[in-house]
Protein chains: 2
Amino acid sequence: MDSKTYHHGDLRKALLEAATEMISEDGVDSVTIRALAQRVGVSRTAPYRHFKDKDELLTAVAIEGYERLAATMADVRHDQTLDSVARLSRMGEAYVLFAVENATHYRLMVIDSSVQSRSTPAFREAALTARQQLVDIIKEGQQEGFVIDAPPQDIGNLLWSASHGLATLLINGQMRVKNVEATAKFMTEKMCYGLLKQDQETAES
Amino acid sequence: MDSKTYHHGDLRKALLEAATEMISEDGVDSVTIRALAQRVGVSRTAPYRHFKDKDELLTAVAIEGYERLAATMADVRHDQTLDSVARLSRMGEAYVLFAVENATHYRLMVIDSSVQSRSTPAFREAALTARQQLVDIIKEGQQEGFVIDAPPQDIGNLLWSASHGLATLLINGQMRVKNVEATAKFMTEKMCYGLLKQDQETAES
DNA sequence: TCATATATGTGGACATTGTCAACATGAGGG
DNA sequence: CCCTCATGTTGACAATGTCCACATATATGA
């Protein structure tokens with residue numbers, strides 16, 4: 001059941017794996033249904049038995065990406081060797097590293113227009129699950145008294161935004177940096193500890 | 001010289017305008033060379049006299065976008081009714097508003113893979129010019145003693161990242177918000193005034 | 001003024017791609 | 001053992017990007 005059977009076995013999975021490989025090798029645009037099918041060893045229209053169209057396939061790849069990202073973030077969240085503030089900071093680093101190391105895949109996940117415009121419930125849920133890791137850490141930080149009392153969703157959006165933005169700058173080469181980890185750490189810390197010399201409380205949204 | 005001449009007059013400009021319209025109406029994927037040509041009233045291969053290929057055309061559109069963005073940011077920077085801290089905060093708002101109001105165009109500018117991968121010197125310069133507006137304000141803030149002494153480039157990257165990230169979340173609908181301006185303001189201010197209750201100085205990158 | 005070179009626009013042609021429809025195959029249940 | 005249905009195949013077609021040879025107009029210089 002591995003080489004020349006008419007039926008493939010688990011074509012869906014094979015397609016997703018091959019697509020992921022192609023994306024990381026040559027970018028999303030290099031993924032064509034035909035090339036993908038050939039790589040997996042099936043005829044060009046076989047993928048249509050598993051995905052309605054190309055967008056659906058790419059969306060599935062993007063969802064897998066979010067699942068991996070969420071797992072990475074969950075690891076940080078459960079790292080018992082760190083306190084909640086350190087975990088918060090470390091999570092920013094982890095996020096940025098993930099994005100940089102999986103740049104083309106990350107692009108697909110985060111902003112590729114075809115995937116975004118079709119955004120299925122499953123896709124949205126995958127993205128939300130990843131973000132929830134961050135929000136949960138913030139809540140813990142609040143319980144421990146380290147983090148200000150603004151709504152954790154809002155704070156999460158702030159940190160998520162900053163991490164995503166940094167990742168984008170790095171991926172696009174608009175920000176050249178020697179050490180990605182150090183940069184991510186600098187930014188996350190500055191964000192956590194404040195940017196201006198004087199500190200004061202301000203109204204919320 | 002406006003309706004039926006064999007030669008168009010300023011086809012290049014007309015193509016860019018039409019492409020910009022199509023992008024904002026139906027997204028980047030709706031821009032096809034043929035549709036574009038038809039919209040402008042020329043034959044399908046005429047655009048190739050002005051752009052090497054489709055990517056070059058889209059890159060030109062993206063550059064125009066950065067020019068508009070830079071102009072918007074420059075307006076804020078030169079607003080004499082605000083002090084430098086307020087200008088900094090306002091600039092974040094202006095950036096996010098620009099992105100949301102020109103969502104599809106913004107996508108093209110910031111992360112569309114075909115444009116990014118080809119990124120020409122002109123494209124990079126346009127992006128840098130916009131970012132420089134932000135860095136300049138930060139320098140002014142430092143001179144006036146409001147902003148910490150970290151390298152202005154680093155601080156600029158931080159704020160740019162956060163603004164870009166927020167814009168992306170909003171554009172992708174991953175963050176539903178009643179009032180975009182208020183949210184941008186909240187985030188920019190929180191970033192400027194610090195996120196944690198205690199304040200302290202930390203090492204830089 | 002007029003011929004000619006050059007820039008600009010046109011139409012035909014072709015390869016690539018996504019996708020549909022009709023057909024083939026084979027695994028599993030009755 | 002046969003039938004059904006999920007799965008895979010082949011042929012076909014339309015849309016698209018883009019090359020090439022040709023057409024046309026504008027500018028240049030004699």
# chains A, B, ... in the order shown; residues from 1 in each chain; ligands from 1
>>> residues_around(residues="His105 in chain B", least_positions_apart="3", cutoff="9 Å", atoms="only C-alpha atoms (C1' of nucleotides)", output="tab-separated table (two decimals) with N, CA and C atoms, in the first residue's frame")
chain	number	residue	atom	x	y	z
B	20	THR	N	-5.18	50.82	-9.02
B	20	THR	CA	-5.50	51.21	-7.65
B	20	THR	C	-6.99	51.09	-7.38
B	23	ILE	N	-7.97	47.43	-7.16
B	23	ILE	CA	-7.50	46.84	-5.90
B	23	ILE	C	-8.45	47.20	-4.77
B	24	SER	N	-8.84	48.46	-4.71
B	24	SER	CA	-9.69	48.83	-3.59
B	24	SER	C	-11.10	48.29	-3.76
B	27	GLY	N	-9.92	43.80	-4.50
B	27	GLY	CA	-8.72	43.11	-4.04
B	27	GLY	C	-7.68	42.93	-5.13
B	28	VAL	N	-6.51	42.59	-4.70
B	28	VAL	CA	-5.38	42.48	-5.61
B	28	VAL	C	-5.60	41.41	-6.66
B	61	VAL	N	2.34	50.33	-7.96
B	61	VAL	CA	1.15	50.71	-7.19
B	61	VAL	C	1.49	50.75	-5.70
B	62	ALA	N	2.25	49.76	-5.27
B	62	ALA	CA	2.63	49.72	-3.85
B	62	ALA	C	3.47	50.94	-3.48
B	65	GLY	N	1.40	53.81	-2.87
B	65	GLY	CA	0.78	53.70	-1.57
B	65	GLY	C	1.68	54.21	-0.46
B	99	ALA	N	-4.21	52.34	7.06
B	99	ALA	CA	-4.23	50.92	6.71
B	99	ALA	C	-5.66	50.40	6.60
B	102	ASN	N	-7.52	51.81	3.57
B	102	ASN	CA	-6.99	51.35	2.29
B	102	ASN	C	-6.53	49.90	2.43
B	108	LEU	N	-1.19	44.91	-0.22
B	108	LEU	CA	-0.22	44.86	-1.32
B	108	LEU	C	1.11	45.47	-0.92
B	109	MET	N	1.03	46.62	-0.29
B	109	MET	CA	2.25	47.32	0.10
B	109	MET	C	3.09	46.52	1.08
B	110	VAL	N	2.42	45.94	2.04
B	110	VAL	CA	3.14	45.48	3.21
B	110	VAL	C	3.57	44.03	3.16
>>> interface_residues(of="chain A", to="chain D", cutoff="8 Å", atoms="only C-alpha atoms (C1' of nucleotides)", output="tab-separated table (two decimals) with N, CA and C atoms, in the first residue's frame")
chain	number	residue	atom	x	y	z
A	6	TYR	N	-3.67	2.03	-6.80
A	6	TYR	CA	-4.53	3.04	-7.43
A	6	TYR	C	-4.98	4.05	-6.38
A	7	HIS	N	-5.34	3.53	-5.24
A	7	HIS	CA	-5.72	4.44	-4.16
A	7	HIS	C	-4.49	4.76	-3.31
A	42	VAL	N	0.14	11.63	-7.82
A	42	VAL	CA	-1.21	11.36	-8.30
A	42	VAL	C	-1.52	12.27	-9.48
A	43	SER	N	-2.63	12.06	-10.08
A	43	SER	CA	-2.98	12.88	-11.24
A	43	SER	C	-3.45	14.26	-10.81
A	45	THR	N	-6.02	16.12	-10.97
A	45	THR	CA	-7.31	16.48	-10.36
A	45	THR	C	-7.63	15.67	-9.10
A	46	ALA	N	-6.75	14.78	-8.75
A	46	ALA	CA	-7.00	13.99	-7.55
A	46	ALA	C	-7.21	14.86	-6.30
A	49	ARG	N	-10.66	15.67	-4.79
A	49	ARG	CA	-11.48	14.75	-3.99
A	49	ARG	C	-11.37	15.09	-2.52
>>> atom_distance(atom1="C1' of DT25 in chain C", atom2="CA of Arg44 in chain A")
16.8 Å
>>> atom_distance(atom1="CA of Phe98 in chain B", atom2="CA of Lys185 in chain B")
13.9 Å
>>> interface_residues(of="chain C", to="chain A", cutoff="9 Å", atoms="only C-alpha atoms (C1' of nucleotides)", output="list in words")
DT17, DG18, DT19, DT25 and DG26 of chain C
>>> residues_around(residues="range 70-85 of chain A", least_positions_apart="6", cutoff="7 Å", atoms="only C-alpha atoms (C1' of nucleotides)", output="tab-separated table (two decimals) with N, CA and C atoms, in the first residue's frame")
chain	number	residue	atom	x	y	z
A	91	MET	N	7.12	34.78	25.48
A	91	MET	CA	6.16	34.41	24.46
A	91	MET	C	6.29	35.30	23.23
A	94	ALA	N	9.10	33.94	21.30
A	94	ALA	CA	8.76	32.68	20.64
A	94	ALA	C	7.92	32.94	19.39
A	129	THR	N	-7.33	30.40	18.93
A	129	THR	CA	-6.73	29.50	19.92
A	129	THR	C	-5.30	29.91	20.22
A	130	ALA	N	-4.57	30.24	19.17
A	130	ALA	CA	-3.19	30.68	19.39
A	130	ALA	C	-3.18	31.95	20.23
A	133	GLN	N	-3.59	31.79	24.07
A	133	GLN	CA	-2.44	31.48	24.91
A	133	GLN	C	-1.87	32.76	25.52
A	137	ILE	N	-1.89	34.11	29.61
A	137	ILE	CA	-0.72	34.52	30.39
A	137	ILE	C	-0.95	35.90	31.00
A	140	GLU	N	-2.98	35.66	34.06
A	140	GLU	CA	-2.19	35.18	35.18
A	140	GLU	C	-1.32	36.30	35.75
A	141	GLY	N	-0.76	37.09	34.83
A	141	GLY	CA	0.05	38.21	35.28
A	141	GLY	C	-0.77	39.21	36.08
>>> atom_distance(atom1="C1' of DA13 in chain C", atom2="CA of Pro47 in chain B")
18.1 Å
>>> residues_around(residues="Leu158 in chain A", least_positions_apart="4", cutoff="7 Å", atoms="only C-alpha atoms (C1' of nucleotides)", output="PyMOL selection string")
(chain A and resi 154+162) or (chain B and resi 162+187)
>>> write_last_selection(atoms="C-alpha atoms", output="compact mmCIF listing (two decimals), in the first residue's frame")
# COMPACT_ATOMS: atom_id res chain seq x y z
CA ASP A 154 -6.88 44.68 24.92
CA ALA A 162 3.69 44.34 18.31
CA ALA B 162 2.76 47.74 16.95
CA MET B 187 -2.81 51.14 22.10
>>> closest_residue(among="A:Gly165, A:Ala184, A:Lys13, A:His50", to="chain B", atoms="only C-alpha atoms")
A:Gly165
